[in-house]
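For reference, the structure discussed in these notes is given below.
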Amino acid sequence: MSSSLTKTIKPVIKKLVEESWLIKEGERILIVSDFPSNEDFSCKPVELIESMVNRNILAKSIHDSITDLIPNPVELYFMEPTYEHWKNPIDKILKEKIESSNIVFTLTEYSLTDTPIVAVPLVKKQIKHISAPLIPPEVFFPGGPLDIDYDKIEELSTNLFNLFKDAKKLEFYDIAGSHLSIELPTTWLFETGRIPEYGMNTNLPPGELTLEIPYSESDCKISGQLNIFPGWQSGMSDLLILNISENRLHDVVGGGEIGELIQKLIQKEEVKVVQFGIGTNPAAKDPFCPTVADKYYGMAHIRFYPEINTEHFYFPISKIKVDDKEYNHFQVFRNSERKI
């Protein structure tokens, strides 16, 4: 008998396996989730344990949904939590299971993206990898950010890519007075959720255009000021102003506890921008779930290294300047029929 959660998410899971993961007959599917130990239950914060256990139940429901939908072999494996993003798990059994699978879906609290246990078989084009750290069950509900038209996501992402790809300078603004300029060249990556070939990786939910900027980058330069309203992150009690010059975060004003933490960090380390992204998923509506907010249509995010308490800082784009041509929010993000 199916649980109510399994019944609720099954239509969205069907769309995922058929239109996103593009699973073929005979391919082996592995679902991985991090499960807290008895000791973890006694010593870790209850909010963290609750988050992981809810995701464990979700992983079981996804396993059951896929098993009901297609005849492919599907396995669910609960690993020991790493308690750190991008930390390679020392788990011989997990390594063997990944290497004997075709589709690897990591539904975890702590991201396994770019860890050797996943990255090595990806580089060898032995697997497809779907990464979904920190995702709550609601993301898989009908009407949510996975219940989408993948053709539309691809169109929106491609249009934005075509607008940006040959630009020498981009400028982004929001209604709070933020202004970031990006002097290229660098390569934009865009994610539509479709992974037709082995060696490909996608995050859930899909829909994002991204610049990955190496810490030592000197060609691509990001400068400007971000004004972040309070309420985006815990501990941000007043407006946070981040001043950036040629990728380096050099000054911070306000921001409550988070602002104080950033001030201390930039006094002892050189903090730089290492990622800039824009969401292209119109169904990603939750700006307070980090993995969903990255894909929020028309929302930009920026990430620093070393990391600052919170992974990303967000701002809704109101205007974009591409070289000398200006576009308002509607022209870029709301006029879906417009071909850029």
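Going through the structure tokens in order, the chains are called A, B, and so on, while each chain numbers its residues from 1 and the ligands are numbered from 1 in the order shown.
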Do you know which residues are at most 7 Å from Glu183 (chain A) counting only C-alpha atoms, after dropping those on the same chain fewer than 3 positions away, and could you put them as a CSV table (one decimal) with N, CA and C atoms, in the first residue's frame?
```
chain,number,residue,atom,x,y,z
A,168,LYS,N,30.5,42.1,-23.5
A,168,LYS,CA,31.8,42.4,-22.8
A,168,LYS,C,31.6,42.9,-21.4
A,169,LYS,N,30.4,43.5,-21.1
A,169,LYS,CA,30.1,44.0,-19.8
A,169,LYS,C,28.6,43.9,-19.5
A,170,LEU,N,28.3,43.4,-18.3
A,170,LEU,CA,26.9,43.3,-17.9
A,170,LEU,C,26.8,44.0,-16.6
A,220,CYS,N,37.7,37.8,-15.5
A,220,CYS,CA,36.3,38.1,-15.2
A,220,CYS,C,36.3,38.9,-13.9
A,221,LYS,N,35.8,40.2,-14.0
A,221,LYS,CA,35.8,41.0,-12.8
A,221,LYS,C,34.4,41.4,-12.4
A,222,ILE,N,34.0,41.2,-11.2
A,222,ILE,CA,32.7,41.6,-10.6
A,222,ILE,C,33.0,42.7,-9.6
```
task: Name all residues at most 8 Å from region 57-66 of chain A (count only C-alpha atoms; drop same-chain ones fewer than 5 positions away) and give them as a list in words.
output: Ser2, Ser3, Leu5, Thr6, Lys7, Ile9, Lys10, Ile13, Lys14, Val17, Ile31, Val32, Ser33, Val74, Glu75, Leu76, Leu107 and Pro137 of chain A
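For the residues A:Pro142, A:Pro287, A:Pro306, A:Gly235, ranking by smallest atom-to-atom distance to Leu265 (chain A) using only C-alpha atoms places A:Pro306 first.
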Report the closest atom pair, with its distance in Å rounded to one decimal, for each residue of region 174-230 of chain A that has an atom no farther than 8 Å from region 241-264 of chain A; count only C-alpha atoms, sort by chain and then rising residue number, and write it as CSV.
```
residue,atom,partner,partner_atom,distance
A:Lys221,CA,A:Glu246,CA,4.8
A:Ile222,CA,A:Asn247,CA,4.9
A:Ser223,CA,A:Ser245,CA,4.4
A:Gly224,CA,A:Ile244,CA,5.2
A:Gln225,CA,A:Asn243,CA,4.6
A:Leu226,CA,A:Leu242,CA,5.0
A:Asn227,CA,A:Ile241,CA,4.6
A:Ile228,CA,A:Ile241,CA,6.3
A:Pro230,CA,A:Gly255,CA,7.2
```
Pull C-alpha atoms from the residues just selected and write them as a tab-separated table (two decimals), in the first residue's frame.
```tsv
chain	number	residue	atom	x	y	z
A	221	LYS	CA	35.81	41.04	-12.81
A	222	ILE	CA	32.75	41.61	-10.61
A	223	SER	CA	32.38	44.95	-8.82
A	224	GLY	CA	29.62	46.95	-7.16
A	225	GLN	CA	27.36	47.10	-4.14
A	226	LEU	CA	24.74	44.66	-2.87
A	227	ASN	CA	22.02	45.92	-0.52
A	228	ILE	CA	20.45	42.89	1.16
A	230	PRO	CA	16.97	41.93	6.62
```
task: Show which residues sit within 12 Å of Glu138 (chain A), as a list in words. Count only C-alpha atoms, and ignore same-chain residues fewer than 6 positions away.
output: Leu5, Thr8, Ile9, Val12, Asn54, Arg55, Leu58, Gly144, Pro145, Leu146, Asp147, Pro205, Ala284, Lys285, Asp286, Cys289 and Val292 of chain A
Could you list, as a PDB file with N, CA and C atoms, in the first residue's frame, every residue within 6 Å of region 78-87 of chain A, counting only C-alpha atoms and ignoring same-chain residues fewer than 4 positions away?
```pdb
ATOM      1  N   VAL A  32      20.445   7.789  -2.829  1.00  0.00           N
ATOM      2  CA  VAL A  32      21.289   7.873  -1.637  1.00  0.00           C
ATOM      3  C   VAL A  32      20.759   8.968  -0.719  1.00  0.00           C
ATOM      4  N   SER A  33      20.626   8.645   0.570  1.00  0.00           N
ATOM      5  CA  SER A  33      20.199   9.645   1.554  1.00  0.00           C
ATOM      6  C   SER A  33      21.027   9.464   2.823  1.00  0.00           C
ATOM      7  N   ASP A  34      21.368  10.575   3.492  1.00  0.00           N
ATOM      8  CA  ASP A  34      22.180  10.471   4.709  1.00  0.00           C
ATOM      9  C   ASP A  34      21.267  10.327   5.937  1.00  0.00           C
ATOM     10  N   PHE A  35      21.529   9.263   6.695  1.00  0.00           N
ATOM     11  CA  PHE A  35      20.670   8.887   7.834  1.00  0.00           C
ATOM     12  C   PHE A  35      21.442   9.024   9.147  1.00  0.00           C
ATOM     13  N   TYR A 110      23.777  17.029   3.161  1.00  0.00           N
ATOM     14  CA  TYR A 110      25.079  17.595   2.807  1.00  0.00           C
ATOM     15  C   TYR A 110      25.460  17.168   1.394  1.00  0.00           C
ATOM     16  N   SER A 111      25.758  18.159   0.563  1.00  0.00           N
ATOM     17  CA  SER A 111      25.973  17.922  -0.861  1.00  0.00           C
ATOM     18  C   SER A 111      27.169  17.003  -1.121  1.00  0.00           C
ATOM     19  N   LEU A 112      26.987  16.091  -2.073  1.00  0.00           N
ATOM     20  CA  LEU A 112      28.069  15.219  -2.532  1.00  0.00           C
ATOM     21  C   LEU A 112      28.602  15.644  -3.896  1.00  0.00           C
ATOM     22  N   THR A 115      32.465  15.576  -5.087  1.00  0.00           N
ATOM     23  CA  THR A 115      33.259  14.671  -4.252  1.00  0.00           C
ATOM     24  C   THR A 115      33.757  13.512  -5.115  1.00  0.00           C
TER      25      THR A 115
END
```
- prompt: When distances are computed from only C-alpha atoms, which of A:Pro196, A:Gly231, A:Gly207, A:Gly298 shows the smallest separation from Ile23 (chain A)?
  reply: A:Pro196
task: Please give the complete set of residues from region 83-177 of chain A that DSSP, run on the backbone, assigns to alpha helix (DSSP H), formatted as a ChimeraX atom specification.
output: /A:92-99,116-123,150-164
For N, CA, C and O atoms, I'd like the residues from the last selection saved as a short mmCIF file (atom, residue, chain, number, x, y, z; two decimals), in the first residue's frame.
```cif
data_model
loop_
_atom_site.label_atom_id
_atom_site.label_comp_id
_atom_site.auth_asym_id
_atom_site.auth_seq_id
_atom_site.Cartn_x
_atom_site.Cartn_y
_atom_site.Cartn_z
N LYS A 92 32.96 2.31 1.60
CA LYS A 92 33.31 1.36 0.54
C LYS A 92 32.07 0.79 -0.13
O LYS A 92 32.03 0.62 -1.36
N ILE A 93 31.04 0.52 0.67
CA ILE A 93 29.80 -0.05 0.11
C ILE A 93 29.14 0.96 -0.83
O ILE A 93 28.70 0.61 -1.93
N LEU A 94 29.06 2.22 -0.40
CA LEU A 94 28.47 3.25 -1.24
C LEU A 94 29.26 3.40 -2.54
O LEU A 94 28.66 3.50 -3.63
N LYS A 95 30.57 3.40 -2.47
CA LYS A 95 31.41 3.51 -3.66
C LYS A 95 31.10 2.39 -4.65
O LYS A 95 30.95 2.63 -5.86
N GLU A 96 30.98 1.17 -4.14
CA GLU A 96 30.67 0.03 -5.01
C GLU A 96 29.29 0.15 -5.63
O GLU A 96 29.09 -0.17 -6.81
N LYS A 97 28.33 0.62 -4.85
CA LYS A 97 26.97 0.77 -5.37
C LYS A 97 26.90 1.84 -6.45
O LYS A 97 26.20 1.68 -7.46
N ILE A 98 27.61 2.95 -6.25
CA ILE A 98 27.63 4.01 -7.27
C ILE A 98 28.25 3.48 -8.56
O ILE A 98 27.72 3.71 -9.66
N GLU A 99 29.36 2.76 -8.44
CA GLU A 99 30.06 2.28 -9.62
C GLU A 99 29.28 1.22 -10.38
O GLU A 99 29.54 1.00 -11.57
N PRO A 116 34.95 12.99 -4.85
CA PRO A 116 35.50 11.93 -5.70
C PRO A 116 34.59 10.72 -5.87
O PRO A 116 34.56 10.12 -6.96
N ILE A 117 33.83 10.37 -4.84
CA ILE A 117 32.99 9.18 -4.92
C ILE A 117 31.96 9.29 -6.04
O ILE A 117 31.53 8.29 -6.62
N VAL A 118 31.57 10.53 -6.37
CA VAL A 118 30.64 10.79 -7.47
C VAL A 118 31.37 11.31 -8.70
O VAL A 118 31.07 10.93 -9.83
N ALA A 119 32.34 12.19 -8.49
CA ALA A 119 33.00 12.88 -9.61
C ALA A 119 33.81 11.94 -10.49
O ALA A 119 33.84 12.10 -11.72
N VAL A 120 34.46 10.94 -9.89
CA VAL A 120 35.31 10.04 -10.68
C VAL A 120 34.48 9.24 -11.70
O VAL A 120 34.80 9.24 -12.90
N PRO A 121 33.40 8.55 -11.29
CA PRO A 121 32.59 7.86 -12.31
C PRO A 121 31.89 8.82 -13.27
O PRO A 121 31.60 8.44 -14.41
N LEU A 122 31.65 10.06 -12.85
CA LEU A 122 31.08 11.05 -13.77
C LEU A 122 32.08 11.38 -14.89
O LEU A 122 31.72 11.40 -16.07
N VAL A 123 33.32 11.66 -14.50
CA VAL A 123 34.35 11.99 -15.48
C VAL A 123 34.56 10.82 -16.45
O VAL A 123 34.78 11.02 -17.65
N TYR A 150 9.74 21.22 -19.21
CA TYR A 150 11.19 21.23 -19.43
C TYR A 150 11.57 21.93 -20.73
O TYR A 150 12.67 22.50 -20.84
N ASP A 151 10.67 21.90 -21.72
CA ASP A 151 10.93 22.66 -22.95
C ASP A 151 10.99 24.16 -22.66
O ASP A 151 11.82 24.88 -23.21
N LYS A 152 10.08 24.64 -21.80
CA LYS A 152 10.04 26.06 -21.46
C LYS A 152 11.28 26.47 -20.67
O LYS A 152 11.87 27.54 -20.92
N ILE A 153 11.70 25.62 -19.70
CA ILE A 153 12.92 25.92 -18.94
C ILE A 153 14.12 26.03 -19.88
O ILE A 153 14.96 26.92 -19.76
N GLU A 154 14.19 25.12 -20.84
CA GLU A 154 15.29 25.14 -21.80
C GLU A 154 15.23 26.40 -22.66
O GLU A 154 16.27 27.04 -22.92
N GLU A 155 14.03 26.80 -23.08
CA GLU A 155 13.88 28.01 -23.88
C GLU A 155 14.29 29.26 -23.10
O GLU A 155 15.05 30.11 -23.61
N LEU A 156 13.81 29.39 -21.86
CA LEU A 156 14.13 30.56 -21.05
C LEU A 156 15.62 30.65 -20.76
O LEU A 156 16.22 31.73 -20.83
N SER A 157 16.23 29.51 -20.44
CA SER A 157 17.66 29.49 -20.14
C SER A 157 18.49 29.81 -21.37
O SER A 157 19.48 30.56 -21.30
N THR A 158 18.08 29.26 -22.50
CA THR A 158 18.81 29.50 -23.75
C THR A 158 18.70 30.96 -24.18
O THR A 158 19.69 31.57 -24.63
N ASN A 159 17.50 31.54 -24.04
CA ASN A 159 17.32 32.95 -24.39
C ASN A 159 18.23 33.86 -23.57
O ASN A 159 18.84 34.81 -24.09
N LEU A 160 18.30 33.59 -22.27
CA LEU A 160 19.14 34.40 -21.40
C LEU A 160 20.62 34.22 -21.75
O LEU A 160 21.39 35.18 -21.79
N PHE A 161 20.99 32.98 -22.02
CA PHE A 161 22.37 32.69 -22.44
C PHE A 161 22.72 33.45 -23.72
O PHE A 161 23.80 34.05 -23.82
N ASN A 162 21.80 33.45 -24.68
CA ASN A 162 22.05 34.14 -25.95
C ASN A 162 22.17 35.65 -25.75
O ASN A 162 22.90 36.32 -26.49
N LEU A 163 21.44 36.19 -24.78
CA LEU A 163 21.53 37.62 -24.49
C LEU A 163 22.89 37.99 -23.91
O LEU A 163 23.44 39.06 -24.20
N PHE A 164 23.45 37.09 -23.11
CA PHE A 164 24.68 37.38 -22.37
C PHE A 164 25.97 36.95 -23.07
O PHE A 164 27.04 37.51 -22.80
#
```
Separation of CA of Asp91 (chain A) from CA of Leu204 (chain A), in Å and rounded to one decimal: 24.1 Å
message: Give me the residues near Phe276 (chain A) as an MDAnalysis selection string, where near means some atom within 6 Å (using only C-alpha atoms) and where sequence neighbours in that chain fewer than 2 positions away do not count.
response: chainID A and resid 210:211 301:302
Keeping only N, CA, C and O atoms, take the residues you just selected and write them out as a PDB file, in the first residue's frame.
```
ATOM      1  N   THR A 210      24.747  30.263 -14.803  1.00  0.00           N
ATOM      2  CA  THR A 210      25.765  30.432 -13.767  1.00  0.00           C
ATOM      3  C   THR A 210      27.127  30.801 -14.332  1.00  0.00           C
ATOM      4  O   THR A 210      27.526  30.309 -15.388  1.00  0.00           O
ATOM      5  N   LEU A 211      27.819  31.658 -13.610  1.00  0.00           N
ATOM      6  CA  LEU A 211      29.243  31.902 -13.821  1.00  0.00           C
ATOM      7  C   LEU A 211      30.004  31.275 -12.668  1.00  0.00           C
ATOM      8  O   LEU A 211      29.759  31.599 -11.503  1.00  0.00           O
ATOM      9  N   HIS A 301      21.969  35.420  -7.553  1.00  0.00           N
ATOM     10  CA  HIS A 301      22.653  35.078  -6.302  1.00  0.00           C
ATOM     11  C   HIS A 301      24.156  35.164  -6.512  1.00  0.00           C
ATOM     12  O   HIS A 301      24.666  35.051  -7.625  1.00  0.00           O
ATOM     13  N   ILE A 302      24.838  35.382  -5.407  1.00  0.00           N
ATOM     14  CA  ILE A 302      26.293  35.497  -5.433  1.00  0.00           C
ATOM     15  C   ILE A 302      26.854  34.675  -4.277  1.00  0.00           C
ATOM     16  O   ILE A 302      26.250  34.590  -3.205  1.00  0.00           O
TER      17      ILE A 302
END
```
field: DSSP strand (DSSP E or B) residues within region 8-245 of chain A, as a ChimeraX atom specification
entry: /A:29-34,74-79,103-106,128-131,169-173,179-183,188-191,201-203,208-212,221-228,240-245
- line: Using only C-alpha atoms, the residue out of A:Pro214, A:Pro36, A:Gly199, A:Pro11 with shortest distance to Gln126 (chain A) is A:Gly199
- request: For region 319-321 of chain A, please output as a PyMOL selection string all residues within 12 Å (counting only C-alpha atoms; exclusion window: fewer than 2 positions along the same chain).
  value: chain A and resi 160+163-164+167-183+278+298-300+315-317+323-333
statement: CA of Ile29 (chain A) to CA of Thr106 (chain A) measures 10.9 Å
field: Residue nearest Ser100 (chain A) among A:Leu30, A:Asp40, A:Ile135, A:Ile130 (counting only C-alpha atoms)
entry: A:Leu30
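Of the listed residues A:Leu240, A:Met52, A:Leu22, A:Val273, the one whose atoms come nearest to Glu307 (chain A) is A:Val273, with distances taken using only C-alpha atoms.
Atom to atom, CA of Phe304 (chain A) and CA of Thr192 (chain A) stand 24.0 Å apart.
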